[in-house]
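For reference, structure24.cif is printed below; it contains mmCIF, C-alpha atoms.
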data_work
loop_
_atom_site.label_atom_id
_atom_site.label_comp_id
_atom_site.auth_asym_id
_atom_site.auth_seq_id
_atom_site.Cartn_x
_atom_site.Cartn_y
_atom_site.Cartn_z
CA MET A 1 -32.98 -79.09 -18.36
CA VAL A 2 -35.04 -76.23 -16.95
CA ALA A 3 -34.17 -73.18 -19.06
CA MET A 4 -34.59 -69.60 -17.93
CA ALA A 5 -37.39 -68.48 -20.23
CA SER A 6 -36.31 -64.93 -20.96
CA ASP A 7 -32.62 -65.71 -21.04
CA ALA A 8 -32.40 -68.93 -23.01
CA THR A 9 -30.24 -67.26 -25.63
CA ASN A 10 -28.84 -63.76 -25.76
CA SER A 11 -26.33 -61.89 -27.81
CA ARG A 12 -23.39 -60.14 -26.24
CA PRO A 13 -20.49 -58.04 -27.41
CA ALA A 14 -17.12 -59.70 -27.96
CA LEU A 15 -15.47 -60.66 -24.70
CA GLN A 16 -12.32 -58.59 -24.12
CA SER A 17 -11.29 -59.59 -20.63
CA ARG A 18 -12.03 -61.99 -17.79
CA VAL A 19 -11.40 -60.92 -14.22
CA VAL A 20 -11.64 -62.91 -10.97
CA LEU A 21 -11.58 -61.00 -7.67
CA GLN A 22 -10.89 -62.43 -4.22
CA GLN A 23 -10.94 -60.54 -0.94
CA CYS A 24 -7.99 -61.29 1.34
CA LEU A 25 -6.41 -60.49 4.69
CA SER A 26 -2.98 -60.97 3.16
CA ALA A 27 -1.52 -62.37 -0.05
CA ARG A 28 2.02 -63.15 -1.15
CA LEU A 29 3.37 -63.72 -4.63
CA MET A 30 6.82 -65.14 -5.34
CA ILE A 31 7.96 -64.43 -8.90
CA GLN A 32 10.07 -67.26 -10.36
CA PRO A 33 12.45 -66.50 -11.90
CA ALA A 34 12.69 -62.92 -10.61
CA SER A 35 11.63 -60.48 -13.31
CA GLU A 36 12.16 -56.74 -13.80
CA GLY A 37 14.10 -56.81 -10.53
CA LYS A 38 11.03 -58.15 -8.71
CA GLU A 39 11.13 -61.34 -6.66
CA ALA A 40 8.07 -61.08 -4.46
CA GLU A 41 5.04 -58.94 -3.79
CA TYR A 42 3.06 -58.84 -0.57
CA ILE A 43 -0.22 -57.14 0.27
CA GLU A 44 -2.20 -56.85 3.47
CA ARG A 45 -6.00 -56.62 3.70
CA GLY A 46 -7.45 -55.97 0.29
CA MET A 47 -8.20 -57.60 -3.01
CA VAL A 48 -6.47 -60.03 -5.36
CA VAL A 49 -7.29 -59.32 -9.02
CA TYR A 50 -6.63 -62.12 -11.52
CA VAL A 51 -6.91 -60.69 -15.00
CA CYS A 52 -6.67 -62.08 -18.53
CA TYR A 53 -6.88 -59.94 -21.64
CA LEU A 54 -8.25 -61.48 -24.80
CA GLN A 55 -7.41 -60.64 -28.40
CA GLY A 56 -8.62 -57.21 -29.41
CA SER A 57 -8.94 -55.83 -25.88
CA ALA A 58 -8.93 -52.05 -26.13
CA GLU A 59 -7.29 -49.56 -23.80
CA GLU A 60 -10.72 -48.18 -22.86
CA ILE A 61 -11.61 -51.59 -21.44
CA ILE A 62 -8.45 -51.62 -19.33
CA SER A 63 -9.38 -48.22 -17.92
CA GLU A 64 -12.95 -49.45 -17.28
CA ILE A 65 -11.65 -52.52 -15.42
CA ALA A 66 -9.38 -50.39 -13.23
CA SER A 67 -12.22 -48.02 -12.43
CA SER A 68 -14.63 -50.90 -11.68
CA ILE A 69 -12.36 -52.77 -9.31
CA LEU A 70 -11.42 -49.59 -7.47
CA ASN A 71 -14.94 -48.22 -7.10
CA ALA A 72 -17.26 -51.24 -6.83
CA ARG A 73 -18.47 -51.99 -3.31
CA LEU A 74 -16.96 -55.45 -2.88
CA SER A 75 -14.86 -55.14 0.28
CA GLU A 76 -16.20 -55.92 3.72
CA THR A 77 -15.48 -53.62 6.68
CA ASP A 78 -15.12 -54.90 10.26
CA THR A 79 -18.82 -54.20 10.77
CA GLY A 80 -19.82 -56.24 7.69
CA ARG A 81 -20.63 -53.29 5.42
CA LEU A 82 -19.58 -53.50 1.75
CA VAL A 83 -17.44 -50.59 0.59
CA SER A 84 -15.05 -49.95 -2.28
CA ILE A 85 -11.41 -50.99 -1.94
CA LEU A 86 -10.52 -47.28 -1.93
CA ASP A 87 -12.90 -46.60 0.98
CA LEU A 88 -11.51 -49.64 2.81
CA HIS A 89 -7.99 -48.25 2.22
CA GLY A 90 -7.19 -51.80 1.17
CA ASP A 91 -4.33 -53.07 -0.96
CA ILE A 92 -4.59 -54.48 -4.47
CA LEU A 93 -2.55 -57.30 -6.00
CA ILE A 94 -2.96 -57.64 -9.77
CA ILE A 95 -2.04 -61.11 -11.08
CA PRO A 96 -1.83 -61.58 -14.86
CA GLN A 97 -3.53 -64.93 -15.41
CA ALA A 98 -3.40 -66.27 -18.95
CA THR A 99 -5.13 -69.51 -17.88
CA LEU A 100 -8.32 -67.52 -17.20
CA GLY A 101 -8.80 -66.98 -20.92
CA GLY A 102 -9.14 -70.65 -21.74
CA ASN A 103 -12.20 -72.65 -22.67
CA LEU A 104 -12.55 -76.31 -21.82
CA LYS A 105 -12.67 -78.50 -24.93
CA CYS A 106 -12.82 -82.24 -24.35
CA LYS A 107 -10.29 -82.80 -21.59
CA GLY A 108 -7.98 -79.84 -22.24
CA MET A 109 -8.10 -76.05 -22.16
CA GLN A 110 -7.87 -74.10 -25.42
CA TYR A 111 -6.49 -70.57 -25.47
CA HIS A 112 -7.36 -69.42 -28.99
CA ARG A 113 -8.73 -66.08 -27.79
CA ASN A 114 -5.88 -65.02 -25.49
CA SER A 115 -3.81 -61.94 -26.32
CA ASP A 116 -0.30 -62.85 -27.40
CA LYS A 117 2.33 -62.63 -24.68
CA GLU A 118 3.57 -59.16 -25.65
CA ASP A 119 0.07 -57.64 -25.74
CA GLY A 120 -0.85 -59.38 -22.48
CA LEU A 121 2.22 -57.93 -20.79
CA LYS A 122 1.56 -54.46 -22.16
CA ASN A 123 -2.10 -54.55 -21.07
CA CYS A 124 -1.21 -55.67 -17.57
CA ILE A 125 1.22 -52.81 -17.17
CA ILE A 126 -1.43 -50.39 -18.50
CA SER A 127 -3.94 -51.81 -15.95
CA VAL A 128 -1.62 -51.01 -13.10
CA LEU A 129 -0.99 -47.51 -14.46
CA HIS A 130 -4.75 -46.93 -14.74
CA CYS A 131 -5.23 -48.06 -11.15
CA TRP A 132 -2.57 -45.65 -9.99
CA LYS A 133 -4.02 -42.82 -12.11
CA GLU A 134 -7.56 -43.39 -10.84
CA GLN A 135 -6.32 -43.60 -7.29
CA PHE A 136 -4.23 -40.48 -7.65
CA LYS A 137 -7.29 -38.59 -8.95
CA ILE A 138 -9.21 -39.58 -5.84
CA ARG A 139 -6.30 -39.10 -3.50
CA LEU A 140 -6.48 -35.39 -4.23
CA GLN A 141 -9.85 -35.37 -2.49
CA SER A 142 -9.09 -37.53 0.55
CA ALA A 143 -6.25 -39.48 2.11
CA ILE A 144 -6.47 -42.78 0.20
CA LYS A 145 -3.92 -45.31 1.34
CA THR A 146 -4.50 -48.13 -1.13
CA SER A 147 -1.30 -49.64 -2.54
CA VAL A 148 -1.17 -51.41 -5.90
CA LYS A 149 1.22 -54.35 -6.43
CA TYR A 150 1.43 -56.65 -9.43
CA GLY A 151 2.86 -59.89 -10.71
CA THR A 152 4.62 -60.25 -14.03
CA TYR A 153 3.44 -61.90 -17.23
CA GLY A 154 4.88 -65.24 -18.25
CA ASN A 155 6.67 -66.09 -14.97
CA ARG A 156 5.67 -68.75 -12.48
CA LEU A 157 3.80 -67.00 -9.69
CA VAL A 158 3.94 -68.93 -6.43
CA PHE A 159 0.99 -67.61 -4.47
CA SER A 160 -0.44 -67.86 -0.97
CA MET A 161 -3.43 -66.13 0.56
CA GLU A 162 -5.31 -65.77 3.86
CA THR A 163 -8.93 -64.62 4.03
CA ASN A 164 -11.46 -63.93 6.76
CA GLY A 165 -14.34 -65.19 4.66
CA GLN A 166 -14.16 -66.37 1.11
CA TYR A 167 -15.66 -64.09 -1.55
CA THR A 168 -14.77 -64.93 -5.13
CA ARG A 169 -16.29 -62.79 -7.87
CA TYR A 170 -16.20 -63.02 -11.64
CA LEU A 171 -16.43 -60.07 -14.02
CA GLU A 172 -16.47 -59.94 -17.79
CA PHE A 173 -15.61 -56.92 -19.92
CA MET B 1 -12.55 -50.76 -29.66
CA VAL B 2 -11.12 -53.49 -31.88
CA ALA B 3 -13.83 -56.14 -32.07
CA MET B 4 -13.16 -59.78 -32.92
CA ALA B 5 -14.76 -59.96 -36.35
CA SER B 6 -16.14 -63.47 -36.28
CA ASP B 7 -17.16 -63.37 -32.64
CA ALA B 8 -18.64 -59.90 -32.21
CA THR B 9 -21.96 -61.35 -31.08
CA ASN B 10 -22.97 -64.92 -30.42
CA SER B 11 -25.90 -66.68 -28.88
CA ARG B 12 -25.46 -69.09 -26.04
CA PRO B 13 -27.69 -71.32 -23.93
CA ALA B 14 -28.81 -70.09 -20.52
CA LEU B 15 -25.99 -70.05 -18.01
CA GLN B 16 -26.56 -72.65 -15.29
CA SER B 17 -23.37 -72.50 -13.31
CA ARG B 18 -20.10 -70.61 -12.89
CA VAL B 19 -17.02 -72.46 -11.67
CA VAL B 20 -13.56 -71.10 -10.76
CA LEU B 21 -10.73 -73.60 -10.31
CA GLN B 22 -7.40 -72.99 -8.57
CA GLN B 23 -4.54 -75.45 -8.23
CA CYS B 24 -3.04 -75.61 -4.74
CA LEU B 25 -0.36 -77.28 -2.61
CA SER B 26 -2.66 -77.03 0.40
CA ALA B 27 -5.89 -75.27 1.32
CA ARG B 28 -7.74 -74.84 4.60
CA LEU B 29 -11.34 -73.83 5.19
CA MET B 30 -12.71 -72.84 8.61
CA ILE B 31 -16.51 -73.00 8.72
CA GLN B 32 -18.03 -70.31 10.96
CA PRO B 33 -20.23 -71.09 12.74
CA ALA B 34 -19.58 -74.84 12.56
CA SER B 35 -22.25 -76.54 10.46
CA GLU B 36 -23.41 -80.15 10.14
CA GLY B 37 -20.78 -81.00 12.74
CA LYS B 38 -18.06 -79.59 10.47
CA GLU B 39 -15.65 -76.91 11.66
CA ALA B 40 -12.79 -77.13 9.20
CA GLU B 41 -11.69 -78.87 6.04
CA TYR B 42 -8.12 -79.29 4.87
CA ILE B 43 -6.70 -80.60 1.62
CA GLU B 44 -3.20 -81.20 0.40
CA ARG B 45 -2.01 -80.89 -3.20
CA GLY B 46 -4.97 -80.65 -5.51
CA MET B 47 -7.68 -78.32 -6.67
CA VAL B 48 -9.99 -75.77 -5.09
CA VAL B 49 -13.38 -75.63 -6.85
CA TYR B 50 -15.52 -72.52 -6.26
CA VAL B 51 -18.98 -73.19 -7.61
CA CYS B 52 -22.19 -71.21 -7.92
CA TYR B 53 -25.42 -72.65 -9.26
CA LEU B 54 -27.85 -70.32 -10.99
CA GLN B 55 -31.61 -70.56 -11.16
CA GLY B 56 -32.80 -73.50 -13.21
CA SER B 57 -29.55 -75.48 -12.98
CA ALA B 58 -30.36 -79.08 -13.77
CA GLU B 59 -28.95 -82.20 -12.16
CA GLU B 60 -27.38 -83.23 -15.49
CA ILE B 61 -25.26 -80.05 -15.33
CA ILE B 62 -24.06 -80.92 -11.84
CA SER B 63 -23.00 -84.34 -13.07
CA GLU B 64 -21.28 -82.74 -16.09
CA ILE B 65 -19.37 -80.32 -13.83
CA ALA B 66 -18.20 -83.14 -11.56
CA SER B 67 -17.06 -85.17 -14.55
CA SER B 68 -15.26 -82.17 -16.10
CA ILE B 69 -13.31 -81.17 -13.02
CA LEU B 70 -12.29 -84.75 -12.33
CA ASN B 71 -11.23 -85.61 -15.87
CA ALA B 72 -9.90 -82.38 -17.43
CA ARG B 73 -6.11 -82.15 -17.63
CA LEU B 74 -5.59 -79.11 -15.41
CA SER B 75 -3.17 -80.35 -12.74
CA GLU B 76 0.58 -80.07 -13.06
CA THR B 77 2.86 -82.96 -12.14
CA ASP B 78 6.36 -82.48 -10.71
CA THR B 79 7.72 -82.68 -14.24
CA GLY B 80 5.35 -79.96 -15.53
CA ARG B 81 2.97 -82.27 -17.39
CA LEU B 82 -0.77 -81.51 -17.20
CA VAL B 83 -2.88 -84.43 -16.01
CA SER B 84 -6.33 -84.85 -14.51
CA ILE B 85 -6.80 -84.44 -10.77
CA LEU B 86 -7.59 -88.18 -10.65
CA ASP B 87 -4.30 -89.05 -12.38
CA LEU B 88 -2.46 -86.67 -10.03
CA HIS B 89 -4.14 -88.43 -7.09
CA GLY B 90 -4.83 -84.90 -5.87
CA ASP B 91 -7.41 -83.69 -3.37
CA ILE B 92 -10.49 -81.60 -4.16
CA LEU B 93 -12.05 -78.88 -2.02
CA ILE B 94 -15.49 -77.75 -3.22
CA ILE B 95 -16.44 -74.27 -1.98
CA PRO B 96 -20.02 -73.11 -2.56
CA GLN B 97 -19.61 -69.50 -3.65
CA ALA B 98 -22.83 -67.54 -4.09
CA THR B 99 -20.87 -64.34 -4.87
CA LEU B 100 -19.68 -65.92 -8.14
CA GLY B 101 -23.20 -65.66 -9.55
CA GLY B 102 -23.34 -61.88 -9.35
CA ASN B 103 -23.13 -59.31 -12.11
CA LEU B 104 -21.67 -55.87 -11.55
CA LYS B 105 -24.28 -53.13 -11.96
CA CYS B 106 -23.11 -49.59 -11.25
CA LYS B 107 -21.07 -49.97 -8.07
CA GLY B 108 -22.74 -53.06 -6.59
CA MET B 109 -23.21 -56.73 -7.41
CA GLN B 110 -26.65 -58.02 -8.32
CA TYR B 111 -27.59 -61.64 -7.70
CA HIS B 112 -30.90 -61.94 -9.56
CA ARG B 113 -29.89 -65.19 -11.23
CA ASN B 114 -28.60 -67.11 -8.20
CA SER B 115 -30.40 -70.24 -7.00
CA ASP B 116 -32.20 -69.69 -3.73
CA LYS B 117 -30.34 -70.82 -0.63
CA GLU B 118 -32.10 -74.18 -0.34
CA ASP B 119 -31.51 -75.13 -4.01
CA GLY B 120 -27.89 -73.93 -3.78
CA LEU B 121 -27.29 -76.12 -0.76
CA LYS B 122 -28.95 -79.13 -2.38
CA ASN B 123 -26.95 -78.69 -5.60
CA CYS B 124 -23.66 -78.43 -3.73
CA ILE B 125 -24.36 -81.65 -1.88
CA ILE B 126 -25.30 -83.32 -5.16
CA SER B 127 -21.98 -82.07 -6.69
CA VAL B 128 -20.02 -83.77 -3.98
CA LEU B 129 -22.00 -86.97 -4.39
CA HIS B 130 -21.38 -86.91 -8.15
CA CYS B 131 -17.64 -86.45 -7.54
CA TRP B 132 -17.61 -89.42 -5.23
CA LYS B 133 -19.66 -91.51 -7.65
CA GLU B 134 -17.44 -90.66 -10.62
CA GLN B 135 -14.36 -91.36 -8.56
CA PHE B 136 -15.74 -94.63 -7.27
CA LYS B 137 -16.47 -95.74 -10.85
CA ILE B 138 -12.84 -95.10 -11.77
CA ARG B 139 -11.45 -96.46 -8.53
CA LEU B 140 -12.69 -99.88 -9.58
CA GLN B 141 -10.14 -99.77 -12.41
CA SER B 142 -7.12 -98.39 -10.54
CA ALA B 143 -6.08 -97.22 -7.10
CA ILE B 144 -7.32 -93.60 -7.15
CA LYS B 145 -6.49 -91.75 -3.96
CA THR B 146 -8.28 -88.42 -4.53
CA SER B 147 -10.22 -87.17 -1.51
CA VAL B 148 -13.20 -84.81 -1.83
CA LYS B 149 -13.90 -82.21 0.90
CA TYR B 150 -16.46 -79.43 0.85
CA GLY B 151 -17.59 -76.26 2.54
CA THR B 152 -21.16 -75.52 3.54
CA TYR B 153 -23.64 -73.13 1.99
CA GLY B 154 -24.49 -69.90 3.79
CA ASN B 155 -21.70 -70.01 6.41
CA ARG B 156 -18.67 -67.76 6.55
CA LEU B 157 -15.78 -69.72 5.07
CA VAL B 158 -12.41 -68.52 6.33
CA PHE B 159 -9.97 -69.73 3.74
CA SER B 160 -6.23 -69.93 3.20
CA MET B 161 -4.24 -71.46 0.38
CA GLU B 162 -0.68 -72.16 -0.73
CA THR B 163 0.26 -72.77 -4.37
CA ASN B 164 3.42 -73.58 -6.30
CA GLY B 165 2.36 -71.52 -9.30
CA GLN B 166 -0.91 -69.73 -9.68
CA TYR B 167 -3.36 -71.17 -12.18
CA THR B 168 -6.88 -69.80 -12.00
CA ARG B 169 -9.40 -71.11 -14.50
CA TYR B 170 -12.99 -70.19 -15.24
CA LEU B 171 -15.63 -72.56 -16.57
CA GLU B 172 -19.24 -71.93 -17.51
CA PHE B 173 -21.94 -74.58 -17.79
#
Could you render the structure from this file as structure tokens?
Amino acid sequence: MVAMASDATNSRPALQSRVVLQQCLSARLMIQPASEGKEAEYIERGMVVYVCYLQGSAEEIISEIASSILNARLSETDTGRLVSILDLHGDILIIPQATLGGNLKCKGMQYHRNSDKEDGLKNCIISVLHCWKEQFKIRLQSAIKTSVKYGTYGNRLVFSMETNGQYTRYLEF
Amino acid sequence: MVAMASDATNSRPALQSRVVLQQCLSARLMIQPASEGKEAEYIERGMVVYVCYLQGSAEEIISEIASSILNARLSETDTGRLVSILDLHGDILIIPQATLGGNLKCKGMQYHRNSDKEDGLKNCIISVLHCWKEQFKIRLQSAIKTSVKYGTYGNRLVFSMETNGQYTRYLEF
């Protein structure tokens, strides 16, 4: 094994959340069974955000995640420039994804660090509220047309997606 | 912030690869421009594997990744049981994904740790070979029908996917 000399070991703060981002042209989520009166969510060009909160994740982290995904330059314009999802006026679909919190042990995934279901649900709702809040703050300055949709926690989420170039990103908080 | 007492800091070996896995009913990849005579890849029920190799990733890691994704119980049967992709007789689509290696710094992604393009390409080809080898080893014992497809490195990969329940997983090697 060829190790990276300066990075062979490092210490890091406790992981609070894992996030996977994918750019899309459209994405559709069917919620089974329907929950909170929701059966399906659909977004057009924008970003799919898979998020898993781990035990001990603080509300500040949720606000930081919302701010990062809204403001980071991860979305491609028609001319190939990278801009934020707000500047793209793209949509956002937040998918609670408990499986993201797992670690592979032997042949199975272990989820010892995941938030319990109630906390996970609460944090996902807070994420969406933070996205709206952040967006509303910016909307005062210009005509932002981003819409935020979200899946529910603990339901089966039947998902389909179209892209115009596959960009998957991973963030840790 | 509520820190996890026993896990507030830890040391870990140098990261060699990031992998994101998604279960699918079907997935289609259009390679633009066509490369190595390939224009598109299509899989039916199985697993999409997004993989990024970082600097210094060793061939043993590539073999370990191939073995993990083939043997871990991550695929759901019709009755809801989790089995390996080999036991499901599911397909595999490997998508080289350089963007997975980035770290968010201010508003942009930095890719200091990614393999260079040539190494990335070589490692992706080796991954596919390891999957085939592993599969072939097992095929001698039973009639495995998994097929392995893959995207190319450095091309635009126009992607679409259908699922019957969204399960995104993240693995580090």
(request) Given the file shown, determine the residues that the PyMOL selection byres ((chain A) within 8 of (chain B)) selects; report them as a ChimeraX atom specification. (result) /A:1-4,7-14,50,55-60,68,71-74,97,99-104,106-109,156-171
(request) Identify, on the basis of all atoms listed in the file, every residue whose closest approach to B:Leu86 does not exceed 9 Å; exclude the query and any residue fewer than 3 positions from it along the same chain; express the result as a list in words. (result) Leu70, Asn71, Val83, His89, Gly90, Asp91, Gln135, Ile138, Ile144, Lys145 and Thr146 of chain B
(request) Show which residues sit within 6 Å of stretch 123-132 of chain B, as a PyMOL selection string. Count all atoms listed in the file, and ignore same-chain residues fewer than 5 positions away. (result) chain B and resi 62-63+66
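Reported to one decimal place, the separation of atom CA of B:Lys117 from atom CA of B:Gly46 is 27.6 Å.
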(request) Figure out the distance between atom CA of B:Ile92 and atom CA of A:Tyr111, please, to one decimal in Å. (result)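 Computing it gives 24.3 Å between the two atoms.
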(request) For the structure provided, state which residues fall under the PyMOL selection byres ((chain B and resi 53) around 6), and present them as a PyMOL selection string. (result) chain B and resi 17+52+54+115
(message) Between atom CA of B:Asp78 and atom CA of A:Pro33, what is the distance in Å, rounded to a tenth?
(response)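 We find that atom CA of B:Asp78 and atom CA of A:Pro33 lie 17.1 Å from each other.
Nearest residue to B:Ser67, choosing from B:Ile85, B:Glu36, B:Thr152, B:Val48 and counting all atoms listed in the file: B:Ile85.
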